[in-house]
Every structure is written in C-alpha cells, then in structure tokens.
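Right, one structure below, let's go through it.
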Amino acid sequence: MKIICLKNNLKEAVYLCEKITGKNLSLPILSNILISTEDRNLKLTATNLEIGIEVEIPAKVEKKGRVAAPANILSGFISNISNEENITLESQNENLFVSTLNSSTLIKGQKPDDFPILPKTNEKKEIEISVSDLIDGLKSVGYAVSFSNIKPEISSVFIYSGKNVPLTFVATDSFRLAEKKFNYSFPEFKGILVPQRSANEIIRIFDGKKGKAKLIFDRNQIFVVMDNIKFVSRLTEGVFPDYQQIIPKKFTTDVIIEKNVFNNNLKTASVFSNKLNELSVAVSSKNGSISIKTSNNEAGEHMANIPAKVTGDELKMTFNHKYIFDCLPHINSEKILLRFSGEGKPLIITGTDENSFQYIAMPMNMM
C-alpha cells in the first residue's frame with residue numbers, strides 16, 4: 001500500500017476512530033485502526049466488537065493494500081506533526097511507514113487479516129432525518145438513561161415512530177423520564193433501543209455536521225451513515241417500558257416561571273444540598289411564588305422565593321435537584337411550565353412556547 005493524503009483529513013479520521021478502538025487482552029488487534037485503500041479513497045476502520053466506524057478520506061492511491069496500526073500511537077504521532085500539508089503512508093511487512101517532506105517514521109503494526117470484519121445488513125429498513133435532529137434527540141434524553149446493567153432496556157435510548165406517530169426519543173432510569181418528538185412520521189418504524197455508549201458516540205461523531213443522516217437497521221444492529229462516515233452499533237434486546245401509563249393526565253397545580261431565573265436558583269441551591277440531593281419545593285398560589293430549600297449539616301442551608309404564575313392548589317414536595325436541573329438546557333423556551341398532579345405524584349416539566357419536549361420527575365417519596 002502507498003497513498004498520499006492531506007494531514008488534516010487524516011488527523012480528523014484518526015480522531016474519530018481512536019475513541020472506538022477496544023482494549024482486549026485476548027484480541028489485541030482491536031486496539032488498532034485498519035488502514036486500507038478504497039478506489040480513490042483511504043478508509044480507516046475501528047471497532048471494539050460492540051460498535052464500529054468506517055471513515056473514508058480522499059487520497060492519491062499509488063499502490064493498493066492495507067495495514068493495521070495501533071490507534072494511540074498513530075493518533076499521538078499525527079497530532080504532533082506541524083507545518084506539513086501532505087502525508088505519505090506506506091505498508092511493508094505489517095508495519096506502517098509515515099513520511100512527510102521533512103520526516104520519516106516507522107510504526108509497528110499487526111496482521112491486517114486478524115482485524116474483524118464490520119457487520120453488514122441485507123435488510124433495507126431505513127429512515128432519513130436531519131443529522132441535527134438526530135443529535136438533538138439523543139442529547140435531549142440521553143442523560144436520563146439508567147446506569148445499571150440489570151435492565152439493559154432502560155440503559156438505552158428508545159427511538160420509535162409509526163403511522164401518524166412522530167419520531168420520538170425516550171429515556172428513563174425509573175426515577176425520571178425524558179421525551180423528545182420531531183415532525184417526522186415513519187409508519188414502518190416500530191422502534192429500536194440504542195445503548196447509552198452508542199448514543200454518546202453518535203453525538204461525538206456527528207455533532208455539528210449538517211445535512212441528512214441515514215439510519216439503517218435490522219433486529220440486531222443499527223448503521224448511521226452520513227457522507228464519508230459509517231457508524232455501526234449493536235442494538236439492545238428487550239422491550240422498553242410502556243411509559244405512557246405513568247404520564248399524569250390530571251393536574252392540581254400549574255407553575256409558570258422564567259427558565260433562567262429558575263436555573264440560576266437551582267445552581268445556588270445545589271451548593272447546599274446533602275448527599276441525597278434533596279430539594280424541598282413549596283408552591284404558594286397566595287404569594288404567587290415557588291420556594292426552594294436545601295440544607296447540609298456541613299455546608300449550611302439555603303432558601304429562595306422565586307416569583308411565578310401559580311394556578312391551582314398549594315403544595316409541598318421533595319425532589320432530587322439534579323433530576324430537575326438536568327432537563328432545563330433542553331427546553332427551548334424562555335419560560336417553563338411545572339405541572340404538579342398532587343403531593344407525592346410525578347411532576348411534568350415542559351416549555352410554554354413549544355411542546356416537543358416533556359420531562360417527568362418523580363418526587364423522592366416515590367423513589
């Protein structure tokens with residue numbers, strides 16, 4: 001193999017691949033990036049057997065071939081090359097030679113034949129959406145997944161649609177639930193469970209890119225394809241909970257409050273929270289306010305009264321402040337609506353100007 005390519009293109013491709021390589025003592029080849037020629041392009045491939053990526057970049061192919069090089073060494077080396085525009089890559093006896101106008105380097109590799117082949121799918125189930133919507137959907141709910149492996153179905157992001165059902169992203173850890181909807185409808189898309197790590201990698205790889213992304217999937221895996229990048233991941237097996245049953249339908253108290261004011265007060269209150277992150281909330285329709293209080297035996301205590309538009313009954317409840325704070329950046333509205341369904345019952349948080357996102361937080365006496 002002998003190819004010439006732009007350093008910046010190679011640097012970006014190696015960066016995308018390096019994070020996906022695996023550390024496996026029984027399969028050391030997984031810590032490598034497979035570098036191969038593909039027509040007039042250079043293709044870089046990485047996998048840890050759970051997820052994988054292929055990135056193609058333009059190159060002048062003088063001789064076809066492939067080589068497997070350690071990702072950490074390749075990444076560290078290329079990141080430190082300066083004042084060079086072009087890089088020449090050559091393979092010889094399983095090693096990679098990297099040369100520029102002023103330098104020559106040998107990186108010891110491994111047998112490329114040992115590198116696992118990324119899975120393919122013959123099924124043609126696919127949907128196409130804006131990549132910005134894909135990233136927004138994953139970001140809007142991903143923080144609410146469970147970190148426990150006991151129930152893998154809630155350690156994943158559930159994505160589904162249907163006839164007259166908008167494309168919906170959902171995640172829950174049983175104590176809170178986040179849901180984000182988009183104006184797409186795919187009648188044949190019954191839903192998939194994307195593991196949390198895979199969701200985070202999709203965000204890392206595609207965040208900031210513009211255009212359309214194809215989601216190609218079968219029962220066991222999903223491919224996210226855009227331009228020169230193909231990402232593949234195993235899907236989680238299982239059935240996502242029927243979460244619609246826990247969404248309150250009747251409300252006793254509505255509170256409208258400035259999002260930034262509420263956000264800033266929560267930040268201050270969190271300084272004085274205890275190990276359980278307890279936040280005492282009291283809603284007063286008489287005073288037109290919502291008060292929040294935190295206390296810590298070592299740090300002290302804090303209380304704040306926040307002006308709000310209150311409709312309905314007065315109440316007092318306790319929440320995990322982090323569970324409320326986490327959702328606020330994903331509400332695209334200057335004012336938020338807190339909908340209480342009674343003491344000891346779930347709280348729904350949405351924006352007043354748009355209803356594509358809703359968030360459910362359980363009070364601490366329900367946990």
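We name chains A, B, ... following the order of the structure tokens; residues begin at 1 in each chain, and ligands are numbered from 1 as shown.
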
Segment 98-129 of chain A near segment 30-43 of chain A within 12 Å: what's each residue's closest atom pair and its distance in Å to one decimal, counting only C-alpha atoms, ordered by chain then ascending residue number, as a tab-separated table?
residue	atom	partner	partner_atom	distance
A:Ile107	CA	A:Asn32	CA	11.5
A:Lys108	CA	A:Asn32	CA	10.7
A:Gly109	CA	A:Asn32	CA	8.0
A:Gln110	CA	A:Asn32	CA	8.0
A:Lys111	CA	A:Leu34	CA	9.7
A:Pro112	CA	A:Leu34	CA	6.8
A:Asp113	CA	A:Leu34	CA	9.7
A:Asp114	CA	A:Leu30	CA	9.2
A:Phe115	CA	A:Leu34	CA	7.1
A:Pro116	CA	A:Leu30	CA	8.1
A:Ile117	CA	A:Leu34	CA	10.2
A:Leu118	CA	A:Leu34	CA	11.2

Neighbour list for segment 145-152 of chain A as a PyMOL selection string, cut-off 6 Å, only C-alpha atoms, skip fewer than 6 positions in-chain: chain A and resi 171-173

So that I have them on file, write out the residues from the current selection with all heavy atoms, as a PDB file, in the first residue's frame.
ATOM      1  N   ALA A 171     -35.956   8.219  27.135  1.00  0.00           N
ATOM      2  CA  ALA A 171     -35.043   7.532  28.051  1.00  0.00           C
ATOM      3  C   ALA A 171     -35.552   7.678  29.473  1.00  0.00           C
ATOM      4  O   ALA A 171     -36.174   8.693  29.821  1.00  0.00           O
ATOM      5  CB  ALA A 171     -33.630   8.106  27.942  1.00  0.00           C
ATOM      6  N   THR A 172     -35.300   6.658  30.287  1.00  0.00           N
ATOM      7  CA  THR A 172     -35.719   6.707  31.686  1.00  0.00           C
ATOM      8  C   THR A 172     -34.781   5.869  32.541  1.00  0.00           C
ATOM      9  O   THR A 172     -34.169   4.915  32.046  1.00  0.00           O
ATOM     10  CB  THR A 172     -37.155   6.173  31.856  1.00  0.00           C
ATOM     11  OG1 THR A 172     -37.557   6.312  33.216  1.00  0.00           O
ATOM     12  CG2 THR A 172     -37.264   4.715  31.459  1.00  0.00           C
ATOM     13  N   ASP A 173     -34.672   6.250  33.809  1.00  0.00           N
ATOM     14  CA  ASP A 173     -33.949   5.423  34.778  1.00  0.00           C
ATOM     15  C   ASP A 173     -34.887   4.987  35.911  1.00  0.00           C
ATOM     16  O   ASP A 173     -34.438   4.575  36.970  1.00  0.00           O
ATOM     17  CB  ASP A 173     -32.736   6.162  35.338  1.00  0.00           C
ATOM     18  CG  ASP A 173     -33.113   7.446  36.057  1.00  0.00           C
ATOM     19  OD1 ASP A 173     -34.318   7.726  36.196  1.00  0.00           O
ATOM     20  OD2 ASP A 173     -32.205   8.187  36.482  1.00  0.00           O
TER      21      ASP A 173
END

Which residues are close to Gly344 of chain A, i.e. within 9 Å by only C-alpha atoms, leaving aside same-chain residues fewer than 2 positions away? Reply as an MDAnalysis selection string. chainID A and resid 316:318 341:342 346 362:366

Just the alpha helix (DSSP H) stuff from segment 164-338 of chain A, please, per backbone DSSP, written as a PyMOL selection string. chain A and resi 196-206+259-270+321-325

Selection to disk with N, CA and C atoms, as a PDB file, in the first residue's frame:
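Written out: part_14.pdb:
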ATOM      1  N   GLN A 196     -26.518   3.203  25.608  1.00  0.00           N
ATOM      2  CA  GLN A 196     -26.079   4.532  26.003  1.00  0.00           C
ATOM      3  C   GLN A 196     -24.730   4.906  25.390  1.00  0.00           C
ATOM      4  N   ARG A 197     -23.753   3.993  25.449  1.00  0.00           N
ATOM      5  CA  ARG A 197     -22.443   4.334  24.906  1.00  0.00           C
ATOM      6  C   ARG A 197     -22.531   4.624  23.417  1.00  0.00           C
ATOM      7  N   SER A 198     -23.338   3.859  22.705  1.00  0.00           N
ATOM      8  CA  SER A 198     -23.504   4.086  21.273  1.00  0.00           C
ATOM      9  C   SER A 198     -24.126   5.454  21.013  1.00  0.00           C
ATOM     10  N   ALA A 199     -25.118   5.816  21.826  1.00  0.00           N
ATOM     11  CA  ALA A 199     -25.743   7.136  21.681  1.00  0.00           C
ATOM     12  C   ALA A 199     -24.712   8.239  21.900  1.00  0.00           C
ATOM     13  N   ASN A 200     -23.849   8.067  22.903  1.00  0.00           N
ATOM     14  CA  ASN A 200     -22.809   9.070  23.171  1.00  0.00           C
ATOM     15  C   ASN A 200     -21.817   9.161  22.022  1.00  0.00           C
ATOM     16  N   GLU A 201     -21.485   8.018  21.411  1.00  0.00           N
ATOM     17  CA  GLU A 201     -20.546   8.032  20.285  1.00  0.00           C
ATOM     18  C   GLU A 201     -21.161   8.686  19.056  1.00  0.00           C
ATOM     19  N   ILE A 202     -22.445   8.454  18.832  1.00  0.00           N
ATOM     20  CA  ILE A 202     -23.116   9.113  17.699  1.00  0.00           C
ATOM     21  C   ILE A 202     -23.055  10.627  17.870  1.00  0.00           C
ATOM     22  N   ILE A 203     -23.295  11.084  19.105  1.00  0.00           N
ATOM     23  CA  ILE A 203     -23.207  12.523  19.378  1.00  0.00           C
ATOM     24  C   ILE A 203     -21.793  13.026  19.107  1.00  0.00           C
ATOM     25  N   ARG A 204     -20.798  12.303  19.610  1.00  0.00           N
ATOM     26  CA  ARG A 204     -19.401  12.736  19.438  1.00  0.00           C
ATOM     27  C   ARG A 204     -19.008  12.805  17.966  1.00  0.00           C
ATOM     28  N   ILE A 205     -19.432  11.824  17.194  1.00  0.00           N
ATOM     29  CA  ILE A 205     -19.002  11.720  15.801  1.00  0.00           C
ATOM     30  C   ILE A 205     -19.729  12.711  14.901  1.00  0.00           C
ATOM     31  N   PHE A 206     -21.039  12.874  15.106  1.00  0.00           N
ATOM     32  CA  PHE A 206     -21.845  13.624  14.138  1.00  0.00           C
ATOM     33  C   PHE A 206     -22.267  15.014  14.621  1.00  0.00           C
ATOM     34  N   LYS A 259     -37.204  30.502  32.904  1.00  0.00           N
ATOM     35  CA  LYS A 259     -36.264  29.382  32.927  1.00  0.00           C
ATOM     36  C   LYS A 259     -34.905  29.780  33.500  1.00  0.00           C
ATOM     37  N   ASN A 260     -34.359  30.900  33.052  1.00  0.00           N
ATOM     38  CA  ASN A 260     -33.034  31.310  33.520  1.00  0.00           C
ATOM     39  C   ASN A 260     -33.029  31.612  35.019  1.00  0.00           C
ATOM     40  N   VAL A 261     -34.098  32.219  35.497  1.00  0.00           N
ATOM     41  CA  VAL A 261     -34.187  32.520  36.928  1.00  0.00           C
ATOM     42  C   VAL A 261     -34.237  31.223  37.734  1.00  0.00           C
ATOM     43  N   PHE A 262     -35.067  30.295  37.285  1.00  0.00           N
ATOM     44  CA  PHE A 262     -35.181  29.002  37.972  1.00  0.00           C
ATOM     45  C   PHE A 262     -33.858  28.239  37.919  1.00  0.00           C
ATOM     46  N   ASN A 263     -33.223  28.249  36.755  1.00  0.00           N
ATOM     47  CA  ASN A 263     -31.952  27.564  36.563  1.00  0.00           C
ATOM     48  C   ASN A 263     -30.879  28.107  37.513  1.00  0.00           C
ATOM     49  N   ASN A 264     -30.773  29.420  37.584  1.00  0.00           N
ATOM     50  CA  ASN A 264     -29.758  30.034  38.446  1.00  0.00           C
ATOM     51  C   ASN A 264     -30.016  29.746  39.922  1.00  0.00           C
ATOM     52  N   ASN A 265     -31.284  29.762  40.315  1.00  0.00           N
ATOM     53  CA  ASN A 265     -31.611  29.457  41.710  1.00  0.00           C
ATOM     54  C   ASN A 265     -31.313  27.997  42.058  1.00  0.00           C
ATOM     55  N   LEU A 266     -31.530  27.104  41.118  1.00  0.00           N
ATOM     56  CA  LEU A 266     -31.194  25.697  41.348  1.00  0.00           C
ATOM     57  C   LEU A 266     -29.688  25.505  41.503  1.00  0.00           C
ATOM     58  N   LYS A 267     -28.907  26.230  40.695  1.00  0.00           N
ATOM     59  CA  LYS A 267     -27.450  26.153  40.820  1.00  0.00           C
ATOM     60  C   LYS A 267     -26.999  26.572  42.209  1.00  0.00           C
ATOM     61  N   THR A 268     -27.564  27.682  42.690  1.00  0.00           N
ATOM     62  CA  THR A 268     -27.197  28.165  44.030  1.00  0.00           C
ATOM     63  C   THR A 268     -27.615  27.167  45.098  1.00  0.00           C
ATOM     64  N   ALA A 269     -28.830  26.659  44.977  1.00  0.00           N
ATOM     65  CA  ALA A 269     -29.344  25.711  45.972  1.00  0.00           C
ATOM     66  C   ALA A 269     -28.515  24.436  46.018  1.00  0.00           C
ATOM     67  N   SER A 270     -27.976  24.020  44.867  1.00  0.00           N
ATOM     68  CA  SER A 270     -27.224  22.761  44.819  1.00  0.00           C
ATOM     69  C   SER A 270     -25.955  22.813  45.663  1.00  0.00           C
ATOM     70  N   HIS A 321     -32.669  17.495  43.245  1.00  0.00           N
ATOM     71  CA  HIS A 321     -32.499  18.736  42.465  1.00  0.00           C
ATOM     72  C   HIS A 321     -31.807  18.470  41.131  1.00  0.00           C
ATOM     73  N   LYS A 322     -30.936  17.474  41.091  1.00  0.00           N
ATOM     74  CA  LYS A 322     -30.226  17.166  39.853  1.00  0.00           C
ATOM     75  C   LYS A 322     -31.204  16.690  38.782  1.00  0.00           C
ATOM     76  N   TYR A 323     -32.212  15.937  39.206  1.00  0.00           N
ATOM     77  CA  TYR A 323     -33.179  15.421  38.243  1.00  0.00           C
ATOM     78  C   TYR A 323     -33.994  16.531  37.609  1.00  0.00           C
ATOM     79  N   ILE A 324     -34.176  17.634  38.309  1.00  0.00           N
ATOM     80  CA  ILE A 324     -34.889  18.771  37.724  1.00  0.00           C
ATOM     81  C   ILE A 324     -33.934  19.621  36.889  1.00  0.00           C
ATOM     82  N   PHE A 325     -32.745  19.850  37.415  1.00  0.00           N
ATOM     83  CA  PHE A 325     -31.771  20.721  36.756  1.00  0.00           C
ATOM     84  C   PHE A 325     -31.352  20.171  35.388  1.00  0.00           C
TER      85      PHE A 325
END

Contacts of Gly162 of chain A within 7 Å, only C-alpha atoms, excl. fewer than 6 positions in-chain, as a count of residues only: 6

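Minimum atom-to-atom distance to Lys210 of chain A, evaluated using only C-alpha atoms, belongs to A:Val131 out of A:Ile306, A:Val131, A:Val14, A:Ala282.
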
Which value, in Å to one decimal, gives the distance between atom CA of Phe251 of chain A and atom CA of Thr168 of chain A? 23.8 Å

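The interatomic distance for the pair atom CA of Ile348 of chain A and atom CA of Glu278 of chain A works out to 18.0 Å.
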
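Using only C-alpha atoms, the nearest neighbour of Arg66 of chain A within the list A:Asn296, A:Asn287, A:Thr45, A:Thr350 is A:Thr45.
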
Select from segment 168-242 of chain A everything DSSP, run on the backbone, classes as strand (DSSP E or B), then give the selection as a PDB file with N, CA and C atoms, in the first residue's frame.
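Saved the output as selection.pdb:
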ATOM      1  N   THR A 168     -39.887   9.777  17.901  1.00  0.00           N
ATOM      2  CA  THR A 168     -39.794  10.072  19.330  1.00  0.00           C
ATOM      3  C   THR A 168     -38.563   9.418  19.937  1.00  0.00           C
ATOM      4  N   PHE A 169     -37.839  10.191  20.756  1.00  0.00           N
ATOM      5  CA  PHE A 169     -36.695   9.704  21.525  1.00  0.00           C
ATOM      6  C   PHE A 169     -37.104   9.697  22.994  1.00  0.00           C
ATOM      7  N   VAL A 170     -36.841   8.578  23.695  1.00  0.00           N
ATOM      8  CA  VAL A 170     -37.239   8.461  25.103  1.00  0.00           C
ATOM      9  C   VAL A 170     -36.136   7.778  25.888  1.00  0.00           C
ATOM     10  N   ALA A 171     -35.956   8.219  27.135  1.00  0.00           N
ATOM     11  CA  ALA A 171     -35.043   7.532  28.051  1.00  0.00           C
ATOM     12  C   ALA A 171     -35.552   7.678  29.473  1.00  0.00           C
ATOM     13  N   THR A 172     -35.300   6.658  30.287  1.00  0.00           N
ATOM     14  CA  THR A 172     -35.719   6.707  31.686  1.00  0.00           C
ATOM     15  C   THR A 172     -34.781   5.869  32.541  1.00  0.00           C
ATOM     16  N   ARG A 176     -36.877   9.277  36.624  1.00  0.00           N
ATOM     17  CA  ARG A 176     -37.229  10.407  35.755  1.00  0.00           C
ATOM     18  C   ARG A 176     -37.303   9.892  34.330  1.00  0.00           C
ATOM     19  N   LEU A 177     -37.972  10.648  33.470  1.00  0.00           N
ATOM     20  CA  LEU A 177     -38.147  10.250  32.082  1.00  0.00           C
ATOM     21  C   LEU A 177     -38.111  11.488  31.201  1.00  0.00           C
ATOM     22  N   ALA A 178     -37.377  11.396  30.078  1.00  0.00           N
ATOM     23  CA  ALA A 178     -37.300  12.495  29.116  1.00  0.00           C
ATOM     24  C   ALA A 178     -37.809  12.008  27.767  1.00  0.00           C
ATOM     25  N   GLU A 179     -38.597  12.852  27.106  1.00  0.00           N
ATOM     26  CA  GLU A 179     -39.174  12.502  25.808  1.00  0.00           C
ATOM     27  C   GLU A 179     -39.032  13.698  24.861  1.00  0.00           C
ATOM     28  N   LYS A 180     -38.535  13.438  23.658  1.00  0.00           N
ATOM     29  CA  LYS A 180     -38.377  14.475  22.639  1.00  0.00           C
ATOM     30  C   LYS A 180     -39.001  13.989  21.335  1.00  0.00           C
ATOM     31  N   LYS A 181     -39.852  14.838  20.722  1.00  0.00           N
ATOM     32  CA  LYS A 181     -40.544  14.475  19.488  1.00  0.00           C
ATOM     33  C   LYS A 181     -40.144  15.393  18.336  1.00  0.00           C
ATOM     34  N   PHE A 182     -40.174  14.822  17.126  1.00  0.00           N
ATOM     35  CA  PHE A 182     -39.851  15.582  15.915  1.00  0.00           C
ATOM     36  C   PHE A 182     -40.941  15.357  14.865  1.00  0.00           C
ATOM     37  N   ASN A 183     -41.042  16.303  13.957  1.00  0.00           N
ATOM     38  CA  ASN A 183     -42.100  16.256  12.945  1.00  0.00           C
ATOM     39  C   ASN A 183     -41.736  15.344  11.783  1.00  0.00           C
ATOM     40  N   TYR A 184     -41.416  14.106  12.098  1.00  0.00           N
ATOM     41  CA  TYR A 184     -41.258  13.053  11.103  1.00  0.00           C
ATOM     42  C   TYR A 184     -42.239  11.952  11.481  1.00  0.00           C
ATOM     43  N   SER A 185     -42.689  11.203  10.491  1.00  0.00           N
ATOM     44  CA  SER A 185     -43.544  10.055  10.780  1.00  0.00           C
ATOM     45  C   SER A 185     -43.139   8.916   9.859  1.00  0.00           C
ATOM     46  N   ILE A 192     -36.344   1.051  18.103  1.00  0.00           N
ATOM     47  CA  ILE A 192     -35.078   0.397  18.388  1.00  0.00           C
ATOM     48  C   ILE A 192     -34.552   0.924  19.728  1.00  0.00           C
ATOM     49  N   LEU A 193     -33.712   0.126  20.371  1.00  0.00           N
ATOM     50  CA  LEU A 193     -33.068   0.501  21.628  1.00  0.00           C
ATOM     51  C   LEU A 193     -31.583   0.684  21.376  1.00  0.00           C
ATOM     52  N   VAL A 194     -31.111   1.929  21.454  1.00  0.00           N
ATOM     53  CA  VAL A 194     -29.706   2.244  21.207  1.00  0.00           C
ATOM     54  C   VAL A 194     -28.978   2.325  22.540  1.00  0.00           C
ATOM     55  N   PRO A 195     -27.954   1.480  22.765  1.00  0.00           N
ATOM     56  CA  PRO A 195     -27.220   1.516  24.032  1.00  0.00           C
ATOM     57  C   PRO A 195     -26.651   2.898  24.330  1.00  0.00           C
ATOM     58  N   LYS A 212     -28.281  15.372   5.935  1.00  0.00           N
ATOM     59  CA  LYS A 212     -29.141  14.252   6.301  1.00  0.00           C
ATOM     60  C   LYS A 212     -28.302  13.058   6.745  1.00  0.00           C
ATOM     61  N   ALA A 213     -28.843  12.296   7.675  1.00  0.00           N
ATOM     62  CA  ALA A 213     -28.223  11.052   8.115  1.00  0.00           C
ATOM     63  C   ALA A 213     -29.197   9.910   7.863  1.00  0.00           C
ATOM     64  N   LYS A 214     -28.674   8.794   7.365  1.00  0.00           N
ATOM     65  CA  LYS A 214     -29.494   7.602   7.181  1.00  0.00           C
ATOM     66  C   LYS A 214     -29.326   6.690   8.388  1.00  0.00           C
ATOM     67  N   LEU A 215     -30.444   6.208   8.929  1.00  0.00           N
ATOM     68  CA  LEU A 215     -30.426   5.196   9.969  1.00  0.00           C
ATOM     69  C   LEU A 215     -30.893   3.895   9.321  1.00  0.00           C
ATOM     70  N   ILE A 216     -29.970   2.965   9.151  1.00  0.00           N
ATOM     71  CA  ILE A 216     -30.267   1.670   8.540  1.00  0.00           C
ATOM     72  C   ILE A 216     -30.199   0.632   9.652  1.00  0.00           C
ATOM     73  N   PHE A 217     -31.215  -0.201   9.777  1.00  0.00           N
ATOM     74  CA  PHE A 217     -31.257  -1.070  10.942  1.00  0.00           C
ATOM     75  C   PHE A 217     -31.933  -2.402  10.618  1.00  0.00           C
ATOM     76  N   GLN A 221     -28.817  -4.617  14.913  1.00  0.00           N
ATOM     77  CA  GLN A 221     -27.831  -3.554  14.784  1.00  0.00           C
ATOM     78  C   GLN A 221     -28.379  -2.348  14.036  1.00  0.00           C
ATOM     79  N   ILE A 222     -27.675  -1.240  14.198  1.00  0.00           N
ATOM     80  CA  ILE A 222     -28.037  -0.003  13.510  1.00  0.00           C
ATOM     81  C   ILE A 222     -26.795   0.573  12.843  1.00  0.00           C
ATOM     82  N   PHE A 223     -26.991   1.131  11.650  1.00  0.00           N
ATOM     83  CA  PHE A 223     -25.942   1.856  10.944  1.00  0.00           C
ATOM     84  C   PHE A 223     -26.379   3.311  10.843  1.00  0.00           C
ATOM     85  N   VAL A 224     -25.482   4.222  11.176  1.00  0.00           N
ATOM     86  CA  VAL A 224     -25.712   5.647  10.950  1.00  0.00           C
ATOM     87  C   VAL A 224     -24.733   6.071   9.864  1.00  0.00           C
ATOM     88  N   VAL A 225     -25.270   6.496   8.731  1.00  0.00           N
ATOM     89  CA  VAL A 225     -24.432   6.782   7.560  1.00  0.00           C
ATOM     90  C   VAL A 225     -24.629   8.225   7.150  1.00  0.00           C
ATOM     91  N   MET A 226     -23.504   8.927   6.994  1.00  0.00           N
ATOM     92  CA  MET A 226     -23.558  10.309   6.525  1.00  0.00           C
ATOM     93  C   MET A 226     -22.264  10.647   5.799  1.00  0.00           C
ATOM     94  N   ILE A 229     -18.792   8.893   6.477  1.00  0.00           N
ATOM     95  CA  ILE A 229     -18.721   8.204   7.769  1.00  0.00           C
ATOM     96  C   ILE A 229     -19.839   7.167   7.880  1.00  0.00           C
ATOM     97  N   LYS A 230     -19.460   5.977   8.323  1.00  0.00           N
ATOM     98  CA  LYS A 230     -20.446   4.932   8.625  1.00  0.00           C
ATOM     99  C   LYS A 230     -20.170   4.424  10.041  1.00  0.00           C
ATOM    100  N   PHE A 231     -21.176   4.559  10.909  1.00  0.00           N
ATOM    101  CA  PHE A 231     -21.078   4.084  12.292  1.00  0.00           C
ATOM    102  C   PHE A 231     -22.021   2.913  12.460  1.00  0.00           C
ATOM    103  N   VAL A 232     -21.570   1.872  13.161  1.00  0.00           N
ATOM    104  CA  VAL A 232     -22.404   0.705  13.377  1.00  0.00           C
ATOM    105  C   VAL A 232     -22.398   0.345  14.858  1.00  0.00           C
ATOM    106  N   SER A 233     -23.534  -0.097  15.354  1.00  0.00           N
ATOM    107  CA  SER A 233     -23.655  -0.482  16.760  1.00  0.00           C
ATOM    108  C   SER A 233     -24.632  -1.632  16.899  1.00  0.00           C
ATOM    109  N   ARG A 234     -24.358  -2.477  17.886  1.00  0.00           N
ATOM    110  CA  ARG A 234     -25.359  -3.461  18.278  1.00  0.00           C
ATOM    111  C   ARG A 234     -26.526  -2.742  18.941  1.00  0.00           C
TER     112      ARG A 234
END

Could you check how far atom CA of Ala59 of chain A sits from atom CA of Ile78 of chain A, in Å to one decimal?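 Computed distance, atom CA of Ala59 of chain A to atom CA of Ile78 of chain A, equals 16.3 Å.
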
Excluding same-chain residues fewer than 4 positions from segment 329-336 of chain A, what lies within 9 Å of it counting only C-alpha atoms, as a short mmCIF file (atom, residue, chain, number, x, y, z; two decimals) with N, CA, C and O atoms, in the first residue's frame?
data_model
loop_
_atom_site.label_atom_id
_atom_site.label_comp_id
_atom_site.auth_asym_id
_atom_site.auth_seq_id
_atom_site.Cartn_x
_atom_site.Cartn_y
_atom_site.Cartn_z
N ASP A 136 -29.92 16.27 18.44
CA ASP A 136 -30.79 16.94 19.41
C ASP A 136 -31.63 15.92 20.17
O ASP A 136 -31.80 16.02 21.40
N LYS A 139 -29.32 14.04 22.66
CA LYS A 139 -28.89 14.92 23.75
C LYS A 139 -30.05 15.23 24.70
O LYS A 139 -29.86 15.35 25.91
N SER A 140 -31.25 15.38 24.13
CA SER A 140 -32.40 15.79 24.94
C SER A 140 -32.83 14.74 25.94
O SER A 140 -33.47 15.07 26.95
N VAL A 141 -32.50 13.47 25.67
CA VAL A 141 -32.97 12.41 26.57
C VAL A 141 -31.86 11.54 27.14
O VAL A 141 -32.07 10.84 28.14
N VAL A 255 -47.38 25.89 37.43
CA VAL A 255 -46.48 26.99 37.77
C VAL A 255 -45.71 27.39 36.52
O VAL A 255 -45.06 26.56 35.88
N ILE A 256 -45.80 28.66 36.16
CA ILE A 256 -45.03 29.20 35.04
C ILE A 256 -43.93 30.08 35.61
O ILE A 256 -44.19 30.98 36.42
N ILE A 257 -42.69 29.84 35.17
CA ILE A 257 -41.54 30.52 35.77
C ILE A 257 -40.50 30.79 34.70
O ILE A 257 -40.40 30.04 33.72
N GLU A 258 -39.73 31.87 34.87
CA GLU A 258 -38.63 32.17 33.95
C GLU A 258 -37.57 31.08 34.06
O GLU A 258 -37.09 30.77 35.15
N LYS A 259 -37.20 30.50 32.90
CA LYS A 259 -36.26 29.38 32.93
C LYS A 259 -34.90 29.78 33.50
O LYS A 259 -34.35 29.06 34.35
N ASN A 260 -34.36 30.90 33.05
CA ASN A 260 -33.03 31.31 33.52
C ASN A 260 -33.03 31.61 35.02
O ASN A 260 -32.06 31.28 35.72
N PHE A 262 -35.07 30.29 37.28
CA PHE A 262 -35.18 29.00 37.97
C PHE A 262 -33.86 28.24 37.92
O PHE A 262 -33.41 27.66 38.92
N ASN A 263 -33.22 28.25 36.76
CA ASN A 263 -31.95 27.56 36.56
C ASN A 263 -30.88 28.11 37.51
O ASN A 263 -30.18 27.34 38.18
N PHE A 325 -32.74 19.85 37.42
CA PHE A 325 -31.77 20.72 36.76
C PHE A 325 -31.35 20.17 35.39
O PHE A 325 -31.16 20.92 34.43
N ILE A 349 -42.42 18.68 33.41
CA ILE A 349 -41.77 19.94 33.07
C ILE A 349 -41.74 20.07 31.55
O ILE A 349 -41.25 19.17 30.86
N THR A 350 -42.25 21.18 31.04
CA THR A 350 -42.21 21.47 29.60
C THR A 350 -41.93 22.95 29.40
O THR A 350 -41.88 23.73 30.35
N GLY A 351 -41.77 23.34 28.14
CA GLY A 351 -41.66 24.74 27.81
C GLY A 351 -43.04 25.31 27.55
O GLY A 351 -43.96 24.59 27.15
N THR A 352 -43.20 26.61 27.75
CA THR A 352 -44.50 27.23 27.49
C THR A 352 -44.70 27.52 26.01
O THR A 352 -45.83 27.67 25.55
N ASP A 353 -43.60 27.62 25.25
CA ASP A 353 -43.70 28.01 23.84
C ASP A 353 -43.63 26.85 22.87
O ASP A 353 -43.87 27.02 21.68
N GLU A 354 -43.27 25.67 23.34
CA GLU A 354 -43.21 24.51 22.45
C GLU A 354 -43.43 23.25 23.27
O GLU A 354 -43.12 23.19 24.45
N SER A 356 -42.56 19.95 22.11
CA SER A 356 -41.85 18.80 21.54
C SER A 356 -41.07 18.03 22.60
O SER A 356 -40.68 16.89 22.38
N PHE A 357 -40.85 18.67 23.75
CA PHE A 357 -40.09 18.03 24.82
C PHE A 357 -40.90 18.04 26.11
O PHE A 357 -41.52 19.05 26.47
N GLN A 358 -40.91 16.89 26.78
CA GLN A 358 -41.50 16.84 28.12
C GLN A 358 -40.64 15.95 29.01
O GLN A 358 -39.99 15.02 28.53
#

Point out the residue among A:Gln92, A:Glu301, A:Val239, A:Gly191 with the least atom-to-atom distance to Val165 of chain A, counting only C-alpha atoms.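 So, comparing all the options, the nearest one is A:Gly191.
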